[in-house]
Amino acid sequence: MLSTDQAQAYLERLGFDHAPTVSKEGLDALVRAHQMHIPFETVRLHRTGQTPSMNLDDIFDLVISQHQGGYCFELNKLFEYLLRALGFDARPIFCRSVRGRETRMPLNHRGILVSLPQGDFFADVGFGGPMPAGALKLEFGTQQIIDGNAFFAEPIDDDWWALERITRAGADLHDDERPSQRQTELEFCTATAEEQDFDMLNQVFSAPGTLFRDHELANLRTSNGHIAFRDDVLTLRANGKKHTAELEDPQAVSAALKEHFGITY
């Protein structure tokens, strides 16, 4: 568990001067603040080639003490433990990224299931732009507007759910010229999962030949959009408009990572 001092430092990193209430509103505020203050990123993983530590204190030191980012197995684990320290009923769950693909992906993501008096909710701070900026209730057939975007939670079977979003993306592309469509962003399983399961997934998806190891990625929500980075390309989205810039050299990449994501290596 996180200590009281660690939880306080974590909240300060997220911009809170006091702990939000253990409620749907408090959970929404924590998720959105996390997505805006702590970047999803694989720059460190790509450059070092080292499998990230899943030790809670190591993740805390990296993300909170050193003000760096991380990828899903780090960020969602750390956030889950913050929620538990604050009094939320939270546990890890298996997920697979879909992003509109027709082919089935293996389990490749860690999410969080939070139980509140109103029901069960999915929360995620380690995926990037397509995720809700708040908690998604596991409720069939209900369109949920979160931070101005429309989402659905649709049951697949007794254990699996699909998180769907109304998007203008074509497959995995952000293209505003395309008409709006309903797209599955990921699937998640509510069955019990264990920490050692995610330790193994972390080893698999930090190995050469995987997206996280082979590419430098970063994503951070902003008040009116989000900022994304992939290899040498920086994408800024604000108020529905997109600007893309190809960074010329390693110095420009380093400057952009520091300016937009607070990442320094």
# chains A, B, ... in the order shown; residues from 1 in each chain; ligands from 1
>>> residues_around(residues="stretch 239-249 of chain A", least_positions_apart="5", cutoff="10 Å", atoms="only C-alpha atoms", output="PyMOL selection string")
chain A and resi 174-176+223-234+254-256
>>> residues_around(residues="A:Leu116", least_positions_apart="6", cutoff="12 Å", atoms="only C-alpha atoms", output="list in words")
Thr21, Val22, Ser23, Lys24, Glu25, Gly26, Leu27, Leu83, Gly87, Phe88, Asp89, Ala90, Phe122, Ala135, Leu136, Lys137 and Leu138 of chain A
>>> closest_residue(among="A:Phe152, A:Trp160, A:Phe198, A:Tyr265", to="A:Leu45", atoms="only C-alpha atoms")
A:Tyr265
>>> residues_around(residues="stretch 186-189 of chain A", least_positions_apart="3", cutoff="12 Å", atoms="only C-alpha atoms", output="ChimeraX atom specification")
/A:91-102,104-113,121-124,127-128,130-132,136,138,151-165,172,183,192-193
>>> residues_around(residues="A:Gly126", least_positions_apart="5", cutoff="10 Å", atoms="only C-alpha atoms", output="PyMOL selection string")
chain A and resi 34-35+38-41+69-77+79+109-111+131+219
>>> write_last_selection(atoms="N, CA and C atoms", output="PDB file, in the first residue's frame")
ATOM      1  N   HIS A  34      -5.107  12.980 -13.512  1.00  0.00           N
ATOM      2  CA  HIS A  34      -3.981  12.098 -13.817  1.00  0.00           C
ATOM      3  C   HIS A  34      -3.639  12.155 -15.300  1.00  0.00           C
ATOM      4  N   GLN A  35      -4.646  12.090 -16.152  1.00  0.00           N
ATOM      5  CA  GLN A  35      -4.415  12.123 -17.592  1.00  0.00           C
ATOM      6  C   GLN A  35      -3.822  13.451 -18.045  1.00  0.00           C
ATOM      7  N   ILE A  38       0.224  13.504 -15.728  1.00  0.00           N
ATOM      8  CA  ILE A  38       1.237  12.442 -15.822  1.00  0.00           C
ATOM      9  C   ILE A  38       1.121  11.773 -17.181  1.00  0.00           C
ATOM     10  N   PRO A  39       2.135  11.904 -18.021  1.00  0.00           N
ATOM     11  CA  PRO A  39       2.022  11.381 -19.385  1.00  0.00           C
ATOM     12  C   PRO A  39       2.146   9.868 -19.465  1.00  0.00           C
ATOM     13  N   PHE A  40       1.345   9.272 -20.345  1.00  0.00           N
ATOM     14  CA  PHE A  40       1.638   7.934 -20.832  1.00  0.00           C
ATOM     15  C   PHE A  40       2.848   8.080 -21.731  1.00  0.00           C
ATOM     16  N   GLU A  41       3.869   7.256 -21.539  1.00  0.00           N
ATOM     17  CA  GLU A  41       5.044   7.362 -22.391  1.00  0.00           C
ATOM     18  C   GLU A  41       5.872   6.090 -22.369  1.00  0.00           C
ATOM     19  N   GLY A  69       6.926   9.911 -16.601  1.00  0.00           N
ATOM     20  CA  GLY A  69       5.698   9.229 -16.967  1.00  0.00           C
ATOM     21  C   GLY A  69       5.891   7.725 -16.918  1.00  0.00           C
ATOM     22  N   GLY A  70       5.046   7.009 -17.644  1.00  0.00           N
ATOM     23  CA  GLY A  70       5.150   5.559 -17.679  1.00  0.00           C
ATOM     24  C   GLY A  70       4.122   4.990 -18.630  1.00  0.00           C
ATOM     25  N   TYR A  71       4.112   3.650 -18.735  1.00  0.00           N
ATOM     26  CA  TYR A  71       3.094   3.039 -19.584  1.00  0.00           C
ATOM     27  C   TYR A  71       2.096   2.279 -18.711  1.00  0.00           C
ATOM     28  N   CYS A  72       1.147   1.601 -19.342  1.00  0.00           N
ATOM     29  CA  CYS A  72      -0.053   1.156 -18.618  1.00  0.00           C
ATOM     30  C   CYS A  72       0.248   0.303 -17.397  1.00  0.00           C
ATOM     31  N   PHE A  73       1.215  -0.617 -17.503  1.00  0.00           N
ATOM     32  CA  PHE A  73       1.470  -1.521 -16.390  1.00  0.00           C
ATOM     33  C   PHE A  73       2.031  -0.775 -15.183  1.00  0.00           C
ATOM     34  N   GLU A  74       2.679   0.351 -15.430  1.00  0.00           N
ATOM     35  CA  GLU A  74       3.167   1.194 -14.338  1.00  0.00           C
ATOM     36  C   GLU A  74       2.079   2.142 -13.834  1.00  0.00           C
ATOM     37  N   LEU A  75       1.496   2.923 -14.745  1.00  0.00           N
ATOM     38  CA  LEU A  75       0.590   3.999 -14.333  1.00  0.00           C
ATOM     39  C   LEU A  75      -0.698   3.483 -13.710  1.00  0.00           C
ATOM     40  N   ASN A  76      -1.309   2.470 -14.318  1.00  0.00           N
ATOM     41  CA  ASN A  76      -2.572   1.986 -13.757  1.00  0.00           C
ATOM     42  C   ASN A  76      -2.360   1.224 -12.452  1.00  0.00           C
ATOM     43  N   LYS A  77      -1.188   0.595 -12.286  1.00  0.00           N
ATOM     44  CA  LYS A  77      -0.903  -0.024 -10.995  1.00  0.00           C
ATOM     45  C   LYS A  77      -0.766   1.036  -9.926  1.00  0.00           C
ATOM     46  N   PHE A  79      -1.878   4.132  -9.895  1.00  0.00           N
ATOM     47  CA  PHE A  79      -3.142   4.829  -9.662  1.00  0.00           C
ATOM     48  C   PHE A  79      -4.107   3.958  -8.864  1.00  0.00           C
ATOM     49  N   HIS A 109      -2.919  -5.012 -21.850  1.00  0.00           N
ATOM     50  CA  HIS A 109      -3.166  -3.760 -21.147  1.00  0.00           C
ATOM     51  C   HIS A 109      -3.707  -4.054 -19.745  1.00  0.00           C
ATOM     52  N   ARG A 110      -3.432  -3.142 -18.817  1.00  0.00           N
ATOM     53  CA  ARG A 110      -3.953  -3.242 -17.455  1.00  0.00           C
ATOM     54  C   ARG A 110      -4.936  -2.098 -17.224  1.00  0.00           C
ATOM     55  N   GLY A 111      -6.131  -2.422 -16.756  1.00  0.00           N
ATOM     56  CA  GLY A 111      -7.117  -1.424 -16.401  1.00  0.00           C
ATOM     57  C   GLY A 111      -7.480  -1.526 -14.932  1.00  0.00           C
ATOM     58  N   MET A 131      -9.174   7.138 -24.161  1.00  0.00           N
ATOM     59  CA  MET A 131      -9.869   6.736 -22.943  1.00  0.00           C
ATOM     60  C   MET A 131     -10.719   7.873 -22.374  1.00  0.00           C
ATOM     61  N   ASN A 219       1.648  10.611 -24.604  1.00  0.00           N
ATOM     62  CA  ASN A 219       0.316  11.181 -24.742  1.00  0.00           C
ATOM     63  C   ASN A 219      -0.065  11.869 -23.444  1.00  0.00           C
TER      64      ASN A 219
END
>>> closest_residue(among="A:Pro20, A:Pro52, A:Gly15, A:Gly209", to="A:His37", atoms="only C-alpha atoms")
A:Gly15
>>> closest_residue(among="A:Thr142, A:Asn149, A:Thr190, A:Gln181", to="A:Ser115", atoms="only C-alpha atoms")
A:Thr190
>>> residues_around(residues="stretch 53-57 of chain A", least_positions_apart="4", cutoff="7 Å", atoms="only C-alpha atoms", output="mmCIF file with C-alpha atoms, in the first residue's frame")
data_model
loop_
_atom_site.group_PDB
_atom_site.id
_atom_site.type_symbol
_atom_site.label_atom_id
_atom_site.label_comp_id
_atom_site.auth_asym_id
_atom_site.auth_seq_id
_atom_site.Cartn_x
_atom_site.Cartn_y
_atom_site.Cartn_z
ATOM 1 C CA ASP A 61 9.868 7.082 -7.190
ATOM 2 C CA GLU A 74 3.167 1.194 -14.338
ATOM 3 C CA LEU A 78 0.243 3.125 -9.213
ATOM 4 C CA ASP A 199 4.277 -8.877 -14.071
#
>>> atom_distance(atom1="atom CA of A:His260", atom2="atom CA of A:Gln203")
28.4 Å
>>> residues_around(residues="A:Ile263", least_positions_apart="5", cutoff="7 Å", atoms="only C-alpha atoms", output="list in words")
Gln68, Leu257 and Lys258 of chain A
>>> write_last_selection(atoms="N, CA and C atoms", output="short mmCIF file (atom, residue, chain, number, x, y, z; two decimals), in the first residue's frame")
data_model
loop_
_atom_site.label_atom_id
_atom_site.label_comp_id
_atom_site.auth_asym_id
_atom_site.auth_seq_id
_atom_site.Cartn_x
_atom_site.Cartn_y
_atom_site.Cartn_z
N GLN A 68 8.35 11.78 -13.81
CA GLN A 68 8.38 11.20 -15.14
C GLN A 68 7.02 10.58 -15.46
N LEU A 257 9.74 16.96 -25.88
CA LEU A 257 9.35 16.08 -24.78
C LEU A 257 9.35 16.83 -23.45
N LYS A 258 10.34 17.69 -23.26
CA LYS A 258 10.42 18.45 -22.02
C LYS A 258 9.31 19.49 -21.94
#
>>> atom_distance(atom1="atom CA of A:Glu12", atom2="atom CA of A:Val63")
12.3 Å
>>> select_by_dssp(residues="stretch 62-162 of chain A", states="strand (DSSP E or B)", output="VMD selection string")
chain A and resid 70 89 to 97 109 to 116 119 to 123 136 to 137 144 to 146 149 to 155 160 to 162
>>> write_last_selection(atoms="C-alpha atoms", output="PDB file, in the first residue's frame")
ATOM      1  CA  GLY A  70       5.150   5.559 -17.679  1.00  0.00           C
ATOM      2  CA  ASP A  89     -12.626  -0.315  -3.687  1.00  0.00           C
ATOM      3  CA  ALA A  90     -10.337  -0.839  -6.698  1.00  0.00           C
ATOM      4  CA  ARG A  91      -8.661  -3.830  -8.345  1.00  0.00           C
ATOM      5  CA  PRO A  92      -6.749  -4.609 -11.562  1.00  0.00           C
ATOM      6  CA  ILE A  93      -8.368  -6.139 -14.640  1.00  0.00           C
ATOM      7  CA  PHE A  94      -7.156  -7.591 -17.934  1.00  0.00           C
ATOM      8  CA  CYS A  95      -7.666  -5.573 -21.119  1.00  0.00           C
ATOM      9  CA  ARG A  96      -6.863  -5.825 -24.802  1.00  0.00           C
ATOM     10  CA  SER A  97      -6.412  -2.870 -27.098  1.00  0.00           C
ATOM     11  CA  HIS A 109      -3.166  -3.760 -21.147  1.00  0.00           C
ATOM     12  CA  ARG A 110      -3.953  -3.242 -17.455  1.00  0.00           C
ATOM     13  CA  GLY A 111      -7.117  -1.424 -16.401  1.00  0.00           C
ATOM     14  CA  ILE A 112      -8.885  -0.708 -13.104  1.00  0.00           C
ATOM     15  CA  LEU A 113     -12.322  -1.765 -11.865  1.00  0.00           C
ATOM     16  CA  VAL A 114     -13.755   0.488  -9.140  1.00  0.00           C
ATOM     17  CA  SER A 115     -16.849  -0.486  -7.158  1.00  0.00           C
ATOM     18  CA  LEU A 116     -19.044   2.342  -5.881  1.00  0.00           C
ATOM     19  CA  GLY A 119     -22.256   0.159  -9.458  1.00  0.00           C
ATOM     20  CA  ASP A 120     -18.964  -0.895 -11.040  1.00  0.00           C
ATOM     21  CA  PHE A 121     -16.852   1.540 -13.064  1.00  0.00           C
ATOM     22  CA  PHE A 122     -13.909   1.205 -15.448  1.00  0.00           C
ATOM     23  CA  ALA A 123     -11.030   3.658 -14.945  1.00  0.00           C
ATOM     24  CA  LEU A 136     -17.175   4.645 -17.224  1.00  0.00           C
ATOM     25  CA  LYS A 137     -20.084   2.824 -15.595  1.00  0.00           C
ATOM     26  CA  GLN A 144     -22.212   8.252 -21.250  1.00  0.00           C
ATOM     27  CA  ILE A 145     -20.940  11.758 -21.974  1.00  0.00           C
ATOM     28  CA  ILE A 146     -17.553  12.252 -20.317  1.00  0.00           C
ATOM     29  CA  ASN A 149     -17.105  12.760 -25.573  1.00  0.00           C
ATOM     30  CA  ALA A 150     -19.616   9.919 -25.963  1.00  0.00           C
ATOM     31  CA  PHE A 151     -18.823   6.407 -24.681  1.00  0.00           C
ATOM     32  CA  PHE A 152     -20.648   3.100 -24.224  1.00  0.00           C
ATOM     33  CA  ALA A 153     -19.899   0.033 -22.122  1.00  0.00           C
ATOM     34  CA  GLU A 154     -21.268  -3.006 -23.943  1.00  0.00           C
ATOM     35  CA  PRO A 155     -21.241  -6.546 -22.485  1.00  0.00           C
ATOM     36  CA  TRP A 160     -15.944  -9.307 -20.896  1.00  0.00           C
ATOM     37  CA  TRP A 161     -17.027  -5.790 -21.835  1.00  0.00           C
ATOM     38  CA  ALA A 162     -16.286  -3.545 -24.824  1.00  0.00           C
TER      39      ALA A 162
END
>>> atom_distance(atom1="atom CA of A:Thr264", atom2="atom CA of A:His67")
9.3 Å
>>> decode(residues="stretch 138-222 of chain A", atoms="C-alpha atoms", output="short mmCIF file (atom, residue, chain, number, x, y, z; two decimals), in the first residue's frame")
data_model
loop_
_atom_site.label_atom_id
_atom_site.label_comp_id
_atom_site.auth_asym_id
_atom_site.auth_seq_id
_atom_site.Cartn_x
_atom_site.Cartn_y
_atom_site.Cartn_z
CA LEU A 138 -20.61 -0.80 -16.58
CA GLU A 139 -24.17 -0.24 -17.75
CA PHE A 140 -25.52 -1.74 -20.95
CA GLY A 141 -27.02 0.50 -23.61
CA THR A 142 -26.37 3.86 -21.95
CA GLN A 143 -24.51 6.59 -23.78
CA GLN A 144 -22.21 8.25 -21.25
CA ILE A 145 -20.94 11.76 -21.97
CA ILE A 146 -17.55 12.25 -20.32
CA ASP A 147 -15.71 15.53 -20.84
CA GLY A 148 -17.74 16.17 -23.98
CA ASN A 149 -17.11 12.76 -25.57
CA ALA A 150 -19.62 9.92 -25.96
CA PHE A 151 -18.82 6.41 -24.68
CA PHE A 152 -20.65 3.10 -24.22
CA ALA A 153 -19.90 0.03 -22.12
CA GLU A 154 -21.27 -3.01 -23.94
CA PRO A 155 -21.24 -6.55 -22.49
CA ILE A 156 -19.65 -9.24 -24.64
CA ASP A 157 -20.28 -12.19 -22.31
CA ASP A 158 -20.47 -12.82 -18.55
CA ASP A 159 -16.93 -11.47 -17.93
CA TRP A 160 -15.94 -9.31 -20.90
CA TRP A 161 -17.03 -5.79 -21.83
CA ALA A 162 -16.29 -3.55 -24.82
CA LEU A 163 -15.49 0.13 -24.30
CA GLU A 164 -16.86 1.96 -27.31
CA ARG A 165 -16.43 5.58 -28.34
CA ILE A 166 -18.10 7.85 -30.87
CA THR A 167 -15.15 8.94 -32.98
CA ARG A 168 -14.13 10.34 -36.31
CA ALA A 169 -11.12 8.05 -36.36
CA GLY A 170 -10.63 5.57 -39.17
CA ALA A 171 -9.18 2.42 -37.57
CA ASP A 172 -6.29 3.79 -35.50
CA LEU A 173 -6.05 7.14 -37.31
CA HIS A 174 -7.21 10.52 -36.02
CA ASP A 175 -8.74 12.07 -39.12
CA ASP A 176 -11.40 14.75 -38.77
CA GLU A 177 -12.46 14.40 -42.40
CA ARG A 178 -14.08 11.05 -41.68
CA PRO A 179 -17.72 10.86 -40.51
CA SER A 180 -18.47 10.02 -36.90
CA GLN A 181 -18.69 6.34 -36.10
CA ARG A 182 -18.96 4.06 -33.09
CA GLN A 183 -15.66 2.29 -32.51
CA THR A 184 -14.45 -0.24 -29.94
CA GLU A 185 -11.32 1.16 -28.28
CA LEU A 186 -10.61 -1.74 -25.93
CA GLU A 187 -12.12 -4.79 -24.27
CA PHE A 188 -11.82 -5.51 -20.57
CA CYS A 189 -12.48 -8.49 -18.31
CA THR A 190 -14.07 -8.18 -14.86
CA ALA A 191 -12.80 -11.58 -13.66
CA THR A 192 -10.22 -11.56 -10.86
CA ALA A 193 -6.61 -10.97 -11.94
CA GLU A 194 -3.42 -11.27 -9.90
CA GLU A 195 -0.35 -9.06 -9.74
CA GLN A 196 1.90 -11.82 -11.10
CA ASP A 197 -0.26 -11.94 -14.22
CA PHE A 198 0.63 -8.33 -14.99
CA ASP A 199 4.28 -8.88 -14.07
CA MET A 200 4.43 -11.43 -16.89
CA LEU A 201 2.59 -9.16 -19.34
CA ASN A 202 5.01 -6.36 -18.48
CA GLN A 203 7.94 -8.61 -19.41
CA VAL A 204 6.32 -9.65 -22.68
CA PHE A 205 5.33 -6.17 -23.85
CA SER A 206 8.63 -4.51 -22.94
CA ALA A 207 10.56 -6.97 -25.13
CA PRO A 208 11.93 -6.20 -28.62
CA GLY A 209 9.37 -6.54 -31.37
CA THR A 210 6.56 -4.89 -29.41
CA LEU A 211 5.05 -1.44 -29.94
CA PHE A 212 6.10 -0.17 -26.52
CA ARG A 213 9.74 -1.22 -26.89
CA ASP A 214 10.24 -0.38 -30.55
CA HIS A 215 8.67 3.10 -30.62
CA GLU A 216 8.86 6.29 -28.60
CA LEU A 217 5.29 7.20 -27.64
CA ALA A 218 3.81 9.85 -25.39
CA ASN A 219 0.32 11.18 -24.74
CA LEU A 220 -1.08 13.81 -22.39
CA ARG A 221 -4.57 15.25 -22.09
CA THR A 222 -4.96 19.04 -22.12
#
